[in-house]
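**Q** Can you keep this structure in mind? I'll have questions shortly.
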Amino acid sequence: MKLYKELAEWWPLMSPHTEYEEEAYLFLKIIEHYHPAIKTALEFGSGGGSNAFYLKKHFSMTLTDLSLDMLKVSRELNPDCLHMQGDMRKIDVGTEFDLVFIHDAISYFTDKADLLAVMNNAKKHLKPEGLLFIMPDQYKETFEPRTSHGGIDKNGRGMRYLEWSYDSDPEDGVTETEYAYVMRDRDGRITHEHDSDKAGLFSMPEWEGLLAEAGFQAHFERVAFSKEPGTYFGIAATQLN
Ligand SMILES: C[S@@+](CC[C@H](N)C(=O)[O-])C[C@H]1O[C@@H](n2cnc3c(N)ncnc32)[C@H](O)[C@@H]1O
């Protein structure tokens with residue numbers, strides 16, 4: 001996606017971290033329910049570091065992402081966190097944590113083998129009592145086509161976007177999303193860009209089966225966002241042994 005590369009500097013205007021405060025709080029409540037004594041956490045696919053901005057107030061966070069441009073954005077927001085570049089399927093941070101957290105970045109995997117590789121890698125980075133918390137955007141059981149928009153003005157620049165998600169083939173386990181971006185720079189210049197993307201659409205039993213294969217017991221927890229009309233579930237994955 002251009003958004004995570006050449007357009008990454010616009011991320012704070014498209015998706016400002018202040019919009020993540022409620023969700024970070026809701027995730028924290030689930031995390032603390034399954035592991036009340038988290039001291040260290042590792043995030044895979046931490047992007048602009050918006051959830052981390054709130055979660056780091058409760059435990060120390062190491063932030064990892066595939067995109068160097070997104071890590072740069074996150075370093076500005078979270079200069080107190082350690083950042084590392086790497087693919088969540090194989091990054092080796094070299095330490096064990098109380099928590100591995102994966103937010104919406106998990107949705108980019110459309111192949112079960114990739115999801116399993118991520119889960120195995122999360123397990124490798126967890127202490128024996130450690131918790132894996134995954135927050136997929138969607139499940140086969142809950143997916144609904146949706147259109148959303150947003151963006152803000154800040155420091156003389158502005159961005160607006162339109163995001164349109166749909167499922168062109170209900171049999172293939174993949175959904176499609178189109179993004180249209182409009183950006184206004186400080187000198188008033190307007191540019192338009194777009195991205196097209198695919199996301200994996202797996203059922204809850206498929207998630208449960210893959211997590212069991214990686215040595216986890218999945219616990220699905222409903223997350224009720226006040227401004228999102230859809231139905232969302234996070235997965236608190238405890239270790240089988
Ligand atoms: C929507 S952003 C994440 C935003 C984040 N949840 C936050 O709180 O700011 C998705 C991120 O996933 C990252 N990503 C995609 N595939 C990845 C992979 N295989 N390994 C690590 N990061 C990945 C992208 O580079 C992007 O920064």
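Labels used: A, B, ... for chains in the order of the structure tokens, numbers from 1 for residues in each chain, and numbers from 1 for ligands as shown.
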Please check which protein, DNA or RNA residues sit within 6 Å of ligand 1, counting only C-alpha atoms and all ligand atoms, and write them as a list in words.

**A** Tyr4, Phe44, Gly45, Ser46, Gly47, Gly48, Gly49, Ser50, Asn51, Asp65, Leu66, Ser67, Met70, Gly86, Asp87, Met88, His103, Asp104, Ala105 and Tyr108 of chain A

**Q** Calculated over only C-alpha atoms, which of the candidates A:Phe202, A:Tyr161, A:Phe143, A:Phe101 has the smallest distance to A:Met183?

**A**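 For A:Met183, the nearest of the candidates is A:Tyr161.
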
**Q** Check the smallest atom-to-atom distance from each of A:Val93, A:His17, A:Ser107, A:Val118 to A:Ser74 using only C-alpha atoms, then report the winner.

**A**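 Answer, going by the shortest atom-to-atom distance: A:His17.
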
**Q** Closest to A:Gln239 among A:Glu43, A:Glu129, A:Glu76, A:Glu96, using only C-alpha atoms?

**A**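 Smallest distance to A:Gln239 is found for A:Glu129.
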
**Q** I'd like the contact shell of A:Met204 - 12 Å cut-off, only C-alpha atoms, skipping same-chain residues fewer than 4 positions apart - returned as JSON, numbers by chain.

**A** {"A": [136, 138, 139, 140, 141, 142, 143, 208, 209, 210, 211, 218, 219, 220, 221, 232, 233, 234, 235]}

**Q** Could you name the residues that touch stretch 53-55 of chain A at 7 Å or less, counting only C-alpha atoms, but leaving out those on the same chain fewer than 5 positions away, as a list in words?

**A**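 Residues meeting the cut-off are Glu21, Ala24 and Asn78 of chain A.
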
**Q** Keeping only C-alpha atoms, write the selected residues as a short mmCIF file (atom, residue, chain, number, x, y, z; two decimals), in the first residue's frame.

**A**
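Done, and the output landed in result_29.cif:
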data_model
loop_
_atom_site.label_atom_id
_atom_site.label_comp_id
_atom_site.auth_asym_id
_atom_site.auth_seq_id
_atom_site.Cartn_x
_atom_site.Cartn_y
_atom_site.Cartn_z
CA GLU A 21 -7.99 6.05 22.81
CA ALA A 24 -6.80 0.88 23.28
CA ASN A 78 6.50 7.11 20.72
#

**Q** Could you tell me how far atom CA of A:Ile91 sits from atom CA of A:Leu115, in Å to one decimal place?

**A** 14.0 Å

**Q** Go through stretch 82-117 of chain A and collect every residue that DSSP, computed from the backbone, puts in strand (DSSP E); the answer should be as a ChimeraX atom specification.

**A** /A:82-85,97-102

**Q** Create the file for the chosen residues now, containing C-alpha atoms and written as a PDB file, in the first residue's frame.

**A**
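Once written, part_22.pdb looks like this:
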ATOM      1  CA  LEU A  82      12.089   0.560  21.117  1.00  0.00           C
ATOM      2  CA  HIS A  83      11.326   0.173  17.387  1.00  0.00           C
ATOM      3  CA  MET A  84      12.463  -2.635  15.070  1.00  0.00           C
ATOM      4  CA  GLN A  85      11.812  -3.298  11.407  1.00  0.00           C
ATOM      5  CA  PHE A  97       7.498 -10.829  26.524  1.00  0.00           C
ATOM      6  CA  ASP A  98       4.389 -11.043  28.733  1.00  0.00           C
ATOM      7  CA  LEU A  99       2.220  -9.966  25.792  1.00  0.00           C
ATOM      8  CA  VAL A 100       2.324 -10.110  22.005  1.00  0.00           C
ATOM      9  CA  PHE A 101      -0.259  -7.746  20.537  1.00  0.00           C
ATOM     10  CA  ILE A 102      -1.367  -7.713  16.898  1.00  0.00           C
TER      11      ILE A 102
END

**Q** Enumerate the residues of stretch 22-93 of chain A with a DSSP assignment of alpha helix (DSSP H), computed from the backbone, and present them as a ChimeraX atom specification.

**A** /A:22-34,50-55,68-77

**Q** Find the residue from A:Lys123, A:Gly130, A:Leu68, A:Phe27 that sits nearest to A:Ala214; use only C-alpha atoms when measuring.

**A**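 For A:Ala214, the nearest of the candidates is A:Lys123.
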
**Q** Could you check the closest approach to A:Leu3 for each of A:Asp80, A:Glu171, A:Glu144, A:Asp69 and tell me which residue wins, using only C-alpha atoms?

**A**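 Ranked by minimum distance to A:Leu3, first place goes to A:Asp69.
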
**Q** Which one of A:Lys127, A:Gly200, A:Lys72, A:Gly230 sits closest to A:Thr147 if you count only C-alpha atoms?

**A** A:Gly230

**Q** In Å, with one decimal, what is the gap from atom CA of A:Gly215 to atom CA of A:Leu26?

**A**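 So the two atoms, atom CA of A:Gly215 and atom CA of A:Leu26, lie 25.3 Å apart.
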
**Q** Would you pick out the contacts of A:Ser148 at 9 Å or less, using only C-alpha atoms, so that residues sharing its chain but fewer than 4 positions from it are not included, and give the list as a short mmCIF file (atom, residue, chain, number, x, y, z; two decimals) with C-alpha atoms, in the first residue's frame?

**A**
data_model
loop_
_atom_site.label_atom_id
_atom_site.label_comp_id
_atom_site.auth_asym_id
_atom_site.auth_seq_id
_atom_site.Cartn_x
_atom_site.Cartn_y
_atom_site.Cartn_z
CA TYR A 161 -10.08 9.60 2.63
CA LEU A 162 -12.83 7.29 1.51
CA GLU A 163 -12.55 3.56 2.29
CA TRP A 164 -14.83 1.02 0.58
CA SER A 165 -14.67 -2.66 1.58
#

**Q** Give me the residues within 12 Å of A:Glu193 as a list in words, counting only C-alpha atoms and dropping any in the same chain fewer than 6 places off.

**A**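 What passes the distance filter is Met1, Lys2, Leu3, Glu6, Leu7, Trp10, Met159, Arg160, Tyr161, Leu162, Glu178, Tyr179, Ala180, Tyr181, Val182, Met183 and Arg184 of chain A.
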